[in-house]
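Colleague: Structure below; questions to follow.
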Amino acid sequence: MVSEFDRHLDAFRRYQETPWGRLRYEQVATNLARHLPHRPLRGLDVGGGGLDALHLAALGHHVTIVDTSQASLDEAITLAGSNGCTELLETRLADIEALAGVAAEGSFDVVLAHNVLQYVPGRAEVLAAMVSVLAPGGLLSVLVPNPASDPLIAAVRRGELAEAIRLLDAPTRPALTYNVEVDAITATELAADMITAGLGRPVRYGVRAVCDLISDDEAKHDPQFFGELLRLENLLADRHPYLETARFAHLIALKPETTPVSQRSPGTAE
């Protein structure tokens with residue numbers, strides 16, 4: 001997978017610059033901002049391409065990016081330099097499964113795993129590793145493609161009814177940027193996995209509820225149309241039923257605070 005990510009880095013950067021790519025990053029930053037405390041934080045961006053980390057660094061937070069692609073890490077540093085926040089960004093070349101060797105337990109206030117978990121075979125182990133490096137009271141922010149959106153996009157945008165029927169129960173989805181098949185992870189499954197890993201019940205947002213159903217991609221390049229679309233998307237992000245079929249599921253969960261044994265009242269259960 002490392003070679004695939006490196007090989008398609010240019011395609012990934014082109015995607016980030018599209019209106020729909022920009023929507024994804026703007027919406028995720030807006031959702032996350034609702035939950036961040038108003039103090040400098042220690043952030044970890046797992047498998048980060050740089051832009052999510054830059055959004056945090058722009059707010060004054062110190063962010064470490066862990067990725068398997070040195071080219072991606074180098075470009076993240078370049079982006080940080082052009083945005084004047086190099087001193088707030090660190091990079092580590094490592095597999096996501098090796099987080100324990102990169103970060104100490106409880107050393108981060110917020111951990112990001114955006115568009116990562118669908119590529120990981122051992123999702124439970126990776127979630128446990130991310131929770132372990134998260135401080136009590138810290139936040140885990142996870143973004144995955146929403147499989148419920150795929151049949152709608154196939155039918156409404158492309159008119160491919162047979163493909164829409166196939167996608168209803170397909171266990172995998174094509175990741176077009178990287179030309180691979182990835183797991184179809186529902187928000188319900190992911191929320192259950194996050195709770196099992198030791199987090200509180202996640203808050204769910206939808207990202208790009210309507211953008212991918214609009215076939216006129218040219219209109220999305222118009223600044224006025226894009227501004228109105230972003231406003232609409234942010235209004236729909238936490239509203240049912242729109243978040244149920246949005247292109248991405250964005251889940252944010254809190255790691256519960258723990259009470260030291262010395263502070264527990266007599267008779268408190270372990």
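We name chains A, B, ... following the order of the structure tokens; residues begin at 1 in each chain, and ligands are numbered from 1 as shown.
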Taking 3 positions as the minimum chain separation for residues in the same chain, which residues sit within 12 Å of Glu97 of chain A when counting only C-alpha atoms? Answer as a short mmCIF file (atom, residue, chain, number, x, y, z; two decimals) with N, CA and C atoms, in the first residue's frame.
Modeller:
```cif
data_model
loop_
_atom_site.label_atom_id
_atom_site.label_comp_id
_atom_site.auth_asym_id
_atom_site.auth_seq_id
_atom_site.Cartn_x
_atom_site.Cartn_y
_atom_site.Cartn_z
N VAL A 46 -2.92 10.88 11.89
CA VAL A 46 -2.48 9.55 11.47
C VAL A 46 -2.78 9.35 9.99
N GLY A 47 -1.73 9.12 9.21
CA GLY A 47 -1.90 8.96 7.77
C GLY A 47 -2.29 10.26 7.11
N VAL A 66 1.93 11.31 11.31
CA VAL A 66 2.52 9.98 11.13
C VAL A 66 2.03 9.41 9.81
N ASP A 67 2.95 9.03 8.95
CA ASP A 67 2.56 8.52 7.64
C ASP A 67 3.63 7.54 7.16
N THR A 68 3.22 6.65 6.25
CA THR A 68 4.16 5.69 5.67
C THR A 68 4.85 6.22 4.43
N LEU A 93 7.92 9.09 10.15
CA LEU A 93 7.74 8.06 9.15
C LEU A 93 7.51 6.73 9.86
N ALA A 94 6.29 6.21 9.80
CA ALA A 94 5.97 4.97 10.52
C ALA A 94 4.65 4.42 10.03
N ALA A 100 2.67 2.95 18.96
CA ALA A 100 3.26 2.85 20.30
C ALA A 100 4.75 3.17 20.30
N GLY A 101 5.43 2.90 19.17
CA GLY A 101 6.85 3.21 19.07
C GLY A 101 7.13 4.64 18.68
N VAL A 102 6.09 5.39 18.32
CA VAL A 102 6.25 6.76 17.87
C VAL A 102 5.78 7.76 18.92
N ALA A 103 4.77 7.38 19.69
CA ALA A 103 4.18 8.31 20.65
C ALA A 103 3.96 7.60 21.99
N VAL A 116 -8.54 6.83 6.51
CA VAL A 116 -7.44 5.91 6.80
C VAL A 116 -7.95 4.50 7.09
N LEU A 117 -8.95 4.39 7.94
CA LEU A 117 -9.32 3.08 8.48
C LEU A 117 -9.83 2.11 7.43
N VAL A 120 -7.10 -0.23 6.38
CA VAL A 120 -6.41 -0.98 7.42
C VAL A 120 -7.11 -2.31 7.68
N PRO A 121 -6.40 -3.44 7.58
CA PRO A 121 -7.06 -4.73 7.83
C PRO A 121 -7.41 -4.96 9.29
N GLY A 122 -6.54 -4.51 10.22
CA GLY A 122 -6.80 -4.72 11.64
C GLY A 122 -7.37 -3.47 12.29
N ARG A 123 -8.63 -3.15 11.95
CA ARG A 123 -9.21 -1.89 12.40
C ARG A 123 -9.29 -1.79 13.92
N ALA A 124 -9.66 -2.87 14.60
CA ALA A 124 -9.80 -2.84 16.06
C ALA A 124 -8.46 -2.55 16.73
N GLU A 125 -7.40 -3.18 16.23
CA GLU A 125 -6.08 -2.97 16.82
C GLU A 125 -5.60 -1.54 16.61
N VAL A 126 -5.86 -1.00 15.43
CA VAL A 126 -5.44 0.36 15.13
C VAL A 126 -6.20 1.36 15.99
N LEU A 127 -7.50 1.16 16.15
CA LEU A 127 -8.28 2.05 17.01
C LEU A 127 -7.78 1.98 18.45
N ALA A 128 -7.45 0.79 18.92
CA ALA A 128 -6.93 0.65 20.28
C ALA A 128 -5.62 1.39 20.44
N ALA A 129 -4.76 1.33 19.41
CA ALA A 129 -3.48 2.03 19.46
C ALA A 129 -3.68 3.53 19.51
N MET A 130 -4.63 4.05 18.72
CA MET A 130 -4.89 5.48 18.72
C MET A 130 -5.47 5.94 20.05
#
```
Colleague: Env of segment 239-242 of chain A: 10 Å cut, atoms = only C-alpha atoms, seq-sep filter 4 positions within chain, self excluded. Answer as a JSON list (two decimals) with all heavy atoms, in the first residue's frame.
Modeller:
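Generated output (out_13.json):
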```
[["chain", "number", "residue", "atom", "x", "y", "z"],
["A", 204, "ARG", "N", -21.90, 12.05, 15.40],
["A", 204, "ARG", "CA", -21.76, 11.79, 13.96],
["A", 204, "ARG", "C", -22.15, 13.01, 13.14],
["A", 204, "ARG", "O", -23.13, 13.68, 13.42],
["A", 204, "ARG", "CB", -22.64, 10.60, 13.55],
["A", 204, "ARG", "CG", -22.57, 10.30, 12.05],
["A", 204, "ARG", "CD", -23.48, 9.16, 11.67],
["A", 204, "ARG", "NE", -23.49, 8.96, 10.21],
["A", 204, "ARG", "CZ", -24.26, 8.06, 9.59],
["A", 204, "ARG", "NH1", -25.04, 7.27, 10.30],
["A", 204, "ARG", "NH2", -24.21, 7.95, 8.28],
["A", 205, "TYR", "N", -21.34, 13.27, 12.11],
["A", 205, "TYR", "CA", -21.64, 14.30, 11.11],
["A", 205, "TYR", "C", -21.59, 13.66, 9.72],
["A", 205, "TYR", "O", -20.90, 12.66, 9.51],
["A", 205, "TYR", "CB", -20.61, 15.43, 11.16],
["A", 205, "TYR", "CG", -20.58, 16.18, 12.47],
["A", 205, "TYR", "CD1", -19.64, 15.86, 13.46],
["A", 205, "TYR", "CD2", -21.47, 17.21, 12.72],
["A", 205, "TYR", "CE1", -19.60, 16.55, 14.66],
["A", 205, "TYR", "CE2", -21.44, 17.92, 13.92],
["A", 205, "TYR", "CZ", -20.50, 17.58, 14.88],
["A", 205, "TYR", "OH", -20.47, 18.26, 16.08],
["A", 206, "GLY", "N", -22.31, 14.26, 8.80],
["A", 206, "GLY", "CA", -22.19, 13.88, 7.40],
["A", 206, "GLY", "C", -21.37, 14.93, 6.66],
["A", 206, "GLY", "O", -21.50, 16.12, 6.93],
["A", 207, "VAL", "N", -20.53, 14.49, 5.77],
["A", 207, "VAL", "CA", -19.69, 15.40, 4.98],
["A", 207, "VAL", "C", -20.04, 15.20, 3.50],
["A", 207, "VAL", "O", -20.02, 14.08, 3.00],
["A", 207, "VAL", "CB", -18.20, 15.14, 5.23],
["A", 207, "VAL", "CG1", -17.32, 15.95, 4.29],
["A", 207, "VAL", "CG2", -17.85, 15.46, 6.68],
["A", 208, "ARG", "N", -20.36, 16.27, 2.82],
["A", 208, "ARG", "CA", -20.79, 16.29, 1.42],
["A", 208, "ARG", "C", -22.10, 15.52, 1.25],
["A", 208, "ARG", "O", -22.17, 14.48, 0.61],
["A", 208, "ARG", "CB", -19.70, 15.75, 0.49],
["A", 208, "ARG", "CG", -18.51, 16.68, 0.39],
["A", 208, "ARG", "CD", -17.54, 16.48, -0.73],
["A", 208, "ARG", "NE", -17.54, 15.26, -1.44],
["A", 208, "ARG", "CZ", -16.44, 14.60, -1.83],
["A", 208, "ARG", "NH1", -15.24, 15.07, -1.50],
["A", 208, "ARG", "NH2", -16.51, 13.50, -2.54],
["A", 209, "ALA", "N", -23.16, 16.08, 1.82],
["A", 209, "ALA", "CA", -24.48, 15.45, 1.73],
["A", 209, "ALA", "C", -25.09, 15.59, 0.35],
["A", 209, "ALA", "O", -25.84, 14.72, -0.09],
["A", 209, "ALA", "CB", -25.41, 16.05, 2.78],
["A", 210, "VAL", "N", -24.79, 16.69, -0.35],
["A", 210, "VAL", "CA", -25.42, 16.91, -1.65],
["A", 210, "VAL", "C", -24.43, 17.10, -2.80],
["A", 210, "VAL", "O", -24.79, 16.89, -3.96],
["A", 210, "VAL", "CB", -26.38, 18.14, -1.61],
["A", 210, "VAL", "CG1", -27.51, 17.90, -0.64],
["A", 210, "VAL", "CG2", -25.62, 19.41, -1.26],
["A", 233, "GLU", "N", -23.96, 22.61, 2.94],
["A", 233, "GLU", "CA", -23.37, 21.37, 3.45],
["A", 233, "GLU", "C", -23.17, 21.46, 4.97],
["A", 233, "GLU", "O", -23.44, 20.49, 5.70],
["A", 233, "GLU", "CB", -22.03, 21.09, 2.76],
["A", 233, "GLU", "CG", -22.13, 20.73, 1.29],
["A", 233, "GLU", "CD", -22.63, 19.32, 1.03],
["A", 233, "GLU", "OE1", -23.16, 18.68, 1.95],
["A", 233, "GLU", "OE2", -22.49, 18.86, -0.11],
["A", 234, "ASN", "N", -22.70, 22.59, 5.47],
["A", 234, "ASN", "CA", -22.49, 22.73, 6.91],
["A", 234, "ASN", "C", -23.82, 22.70, 7.67],
["A", 234, "ASN", "O", -23.88, 22.19, 8.79],
["A", 234, "ASN", "CB", -21.73, 24.02, 7.21],
["A", 234, "ASN", "CG", -20.25, 23.92, 6.91],
["A", 234, "ASN", "OD1", -19.68, 22.83, 6.93],
["A", 234, "ASN", "ND2", -19.62, 25.05, 6.62],
["A", 235, "LEU", "N", -24.88, 23.23, 7.05],
["A", 235, "LEU", "CA", -26.19, 23.19, 7.69],
["A", 235, "LEU", "C", -26.76, 21.77, 7.73],
["A", 235, "LEU", "O", -27.51, 21.40, 8.65],
["A", 235, "LEU", "CB", -27.16, 24.11, 6.95],
["A", 235, "LEU", "CG", -26.92, 25.61, 7.11],
["A", 235, "LEU", "CD1", -27.79, 26.40, 6.14],
["A", 235, "LEU", "CD2", -27.17, 26.06, 8.55],
["A", 246, "ALA", "N", -24.72, 11.03, 3.37],
["A", 246, "ALA", "CA", -23.62, 11.90, 2.94],
["A", 246, "ALA", "C", -22.44, 11.07, 2.46],
["A", 246, "ALA", "O", -22.30, 9.88, 2.81],
["A", 246, "ALA", "CB", -23.20, 12.82, 4.08]]
```
Colleague: What's the 10 Å shell around Ala76 of chain A, counting only C-alpha atoms, without same-chain residues fewer than 6 positions away, as JSON, numbers by chain?
Modeller: {"A": [48, 49, 50, 51, 53, 54, 65, 70, 82, 86, 89, 90, 91]}
Colleague: Could you name the residues that touch His38 of chain A at 12 Å or less, counting only C-alpha atoms, but leaving out those on the same chain fewer than 6 positions away, as a count of residues only?
Modeller: 3
Colleague: Would you list the contacts of Ala148 of chain A as a ChimeraX atom specification, taking every protein, DNA or RNA residue within 10 Å and counting only C-alpha atoms, but skipping same-chain residues closer than 3 positions in sequence?
Modeller: /A:145,151-153,167-169,184-187,244-249
Colleague: List every residue of segment 65-248 of chain A that DSSP, applied to the backbone of this structure, places in strand (DSSP E), and write the result as a PyMOL selection string.
Modeller: chain A and resi 65-67+89-93+108-114+134-145+172-175+180-183+203-207+248
Colleague: Would you please work out which residue, of A:Asp10, A:Glu26, A:Asp74, A:Glu181, is nearest to Gly227 of chain A when using only C-alpha atoms?
Modeller: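 Counting only C-alpha atoms, the residue closest to Gly227 of chain A is A:Glu26.
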Colleague: Mind pulling up the distance from atom CA of Gly137 of chain A to atom CA of Asp109 of chain A?
Modeller: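 Separation of atom CA of Asp109 of chain A and atom CA of Gly137 of chain A: 7.5 Å.
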Colleague: Residues near Pro174 of chain A, anyone? I mean within 12 Å using only C-alpha atoms, not counting same-chain ones fewer than 3 positions away, as a list in words.
Modeller: Gln118, Tyr119, Pro145, Pro147, Asp150, Leu167, Ala170, Pro171, Thr177, Tyr178, Asn179, Val180, Glu181, Val182, Asp183 and Ala184 of chain A
Colleague: Write out the residues from the selection above, keeping all heavy atoms, as a tab-separated table (two decimals), in the first residue's frame.
Modeller:
```tsv
chain	number	residue	atom	x	y	z
A	118	GLN	N	-10.38	2.60	6.32
A	118	GLN	CA	-10.87	1.68	5.29
A	118	GLN	C	-9.73	0.92	4.61
A	118	GLN	O	-9.95	-0.10	3.96
A	118	GLN	CB	-11.71	2.42	4.25
A	118	GLN	CG	-10.95	3.41	3.38
A	118	GLN	CD	-10.98	4.82	3.94
A	118	GLN	OE1	-11.04	5.00	5.15
A	118	GLN	NE2	-10.93	5.79	3.07
A	119	TYR	N	-8.50	1.42	4.75
A	119	TYR	CA	-7.34	0.75	4.15
A	119	TYR	C	-6.66	-0.23	5.11
A	119	TYR	O	-5.75	-0.95	4.71
A	119	TYR	CB	-6.29	1.80	3.72
A	119	TYR	CG	-6.76	2.76	2.67
A	119	TYR	CD1	-7.17	4.04	3.00
A	119	TYR	CD2	-6.81	2.39	1.33
A	119	TYR	CE1	-7.61	4.93	2.03
A	119	TYR	CE2	-7.25	3.27	0.35
A	119	TYR	CZ	-7.65	4.54	0.72
A	119	TYR	OH	-8.08	5.42	-0.25
A	145	PRO	N	-15.37	6.86	4.14
A	145	PRO	CA	-16.43	6.94	3.12
A	145	PRO	C	-17.68	6.23	3.62
A	145	PRO	O	-17.60	5.17	4.25
A	145	PRO	CB	-15.81	6.21	1.92
A	145	PRO	CG	-14.34	6.25	2.15
A	145	PRO	CD	-14.16	6.20	3.64
A	147	PRO	N	-20.71	4.03	2.89
A	147	PRO	CA	-21.19	3.14	1.84
A	147	PRO	C	-22.63	3.38	1.43
A	147	PRO	O	-23.03	3.03	0.32
A	147	PRO	CB	-21.00	1.73	2.44
A	147	PRO	CG	-20.88	1.93	3.90
A	147	PRO	CD	-20.27	3.28	4.10
A	150	ASP	N	-22.99	5.45	-1.91
A	150	ASP	CA	-22.58	4.93	-3.21
A	150	ASP	C	-23.74	4.54	-4.13
A	150	ASP	O	-23.73	4.89	-5.32
A	150	ASP	CB	-21.62	3.75	-3.03
A	150	ASP	CG	-20.30	4.18	-2.41
A	150	ASP	OD1	-19.69	5.11	-2.95
A	150	ASP	OD2	-19.90	3.59	-1.40
A	167	LEU	N	-24.18	-2.24	-5.44
A	167	LEU	CA	-23.50	-1.58	-4.34
A	167	LEU	C	-24.28	-1.65	-3.03
A	167	LEU	O	-23.71	-1.43	-1.96
A	167	LEU	CB	-23.24	-0.11	-4.70
A	167	LEU	CG	-22.13	0.13	-5.73
A	167	LEU	CD1	-22.18	1.56	-6.23
A	167	LEU	CD2	-20.77	-0.20	-5.14
A	170	ALA	N	-22.58	-4.71	-1.45
A	170	ALA	CA	-21.17	-5.01	-1.75
A	170	ALA	C	-20.31	-4.74	-0.52
A	170	ALA	O	-20.43	-3.69	0.12
A	170	ALA	CB	-20.69	-4.18	-2.93
A	171	PRO	N	-19.40	-5.67	-0.15
A	171	PRO	CA	-18.58	-5.49	1.06
A	171	PRO	C	-17.40	-4.56	0.87
A	171	PRO	O	-16.78	-4.14	1.84
A	171	PRO	CB	-18.09	-6.91	1.36
A	171	PRO	CG	-18.04	-7.57	0.01
A	171	PRO	CD	-19.18	-6.99	-0.78
A	177	THR	N	-8.87	7.18	-6.32
A	177	THR	CA	-7.58	7.88	-6.33
A	177	THR	C	-6.42	6.90	-6.32
A	177	THR	O	-5.40	7.09	-6.99
A	177	THR	CB	-7.47	8.83	-5.13
A	177	THR	OG1	-8.54	9.77	-5.20
A	177	THR	CG2	-6.15	9.58	-5.13
A	178	TYR	N	-6.57	5.81	-5.55
A	178	TYR	CA	-5.47	4.85	-5.39
A	178	TYR	C	-5.66	3.56	-6.16
A	178	TYR	O	-4.83	2.67	-6.10
A	178	TYR	CB	-5.28	4.54	-3.90
A	178	TYR	CG	-4.92	5.76	-3.09
A	178	TYR	CD1	-5.81	6.28	-2.15
A	178	TYR	CD2	-3.72	6.42	-3.28
A	178	TYR	CE1	-5.50	7.41	-1.41
A	178	TYR	CE2	-3.38	7.55	-2.55
A	178	TYR	CZ	-4.28	8.03	-1.62
A	178	TYR	OH	-3.97	9.15	-0.90
A	179	ASN	N	-6.80	3.45	-6.86
A	179	ASN	CA	-7.04	2.29	-7.70
A	179	ASN	C	-6.97	0.98	-6.91
A	179	ASN	O	-6.34	0.00	-7.33
A	179	ASN	CB	-6.02	2.24	-8.86
A	179	ASN	CG	-6.43	1.27	-9.95
A	179	ASN	OD1	-7.61	1.05	-10.18
A	179	ASN	ND2	-5.44	0.68	-10.61
A	180	VAL	N	-7.63	0.95	-5.75
A	180	VAL	CA	-7.68	-0.25	-4.91
A	180	VAL	C	-9.11	-0.42	-4.40
A	180	VAL	O	-9.92	0.51	-4.44
A	180	VAL	CB	-6.71	-0.17	-3.71
A	180	VAL	CG1	-5.27	-0.16	-4.20
A	180	VAL	CG2	-7.01	1.05	-2.86
A	181	GLU	N	-9.41	-1.62	-3.92
A	181	GLU	CA	-10.68	-1.89	-3.26
A	181	GLU	C	-10.49	-1.74	-1.75
A	181	GLU	O	-9.49	-2.19	-1.20
A	181	GLU	CB	-11.16	-3.31	-3.57
A	181	GLU	CG	-11.65	-3.50	-4.99
A	181	GLU	CD	-13.06	-2.93	-5.20
A	181	GLU	OE1	-13.90	-3.10	-4.30
A	181	GLU	OE2	-13.29	-2.33	-6.28
A	182	VAL	N	-11.44	-1.07	-1.09
A	182	VAL	CA	-11.34	-0.87	0.36
A	182	VAL	C	-12.61	-1.38	1.02
A	182	VAL	O	-13.65	-1.56	0.38
A	182	VAL	CB	-11.14	0.63	0.69
A	182	VAL	CG1	-9.83	1.13	0.11
A	182	VAL	CG2	-12.31	1.47	0.19
A	183	ASP	N	-12.53	-1.61	2.33
A	183	ASP	CA	-13.68	-2.09	3.09
A	183	ASP	C	-14.79	-1.05	3.11
A	183	ASP	O	-14.54	0.16	3.21
A	183	ASP	CB	-13.28	-2.40	4.53
A	183	ASP	CG	-12.40	-3.64	4.63
A	183	ASP	OD1	-12.43	-4.45	3.68
A	183	ASP	OD2	-11.70	-3.78	5.65
A	184	ALA	N	-16.03	-1.51	3.00
A	184	ALA	CA	-17.19	-0.65	3.18
A	184	ALA	C	-17.53	-0.65	4.68
A	184	ALA	O	-18.00	-1.65	5.22
A	184	ALA	CB	-18.37	-1.17	2.37
```
Colleague: Which residues, written as a ChimeraX atom specification, have at least one atom at most 10 Å from Leu36 of chain A, with only C-alpha atoms counted and residues fewer than 5 positions away on the same chain left out?
Modeller: /A:31,41,56,109-110,138-139
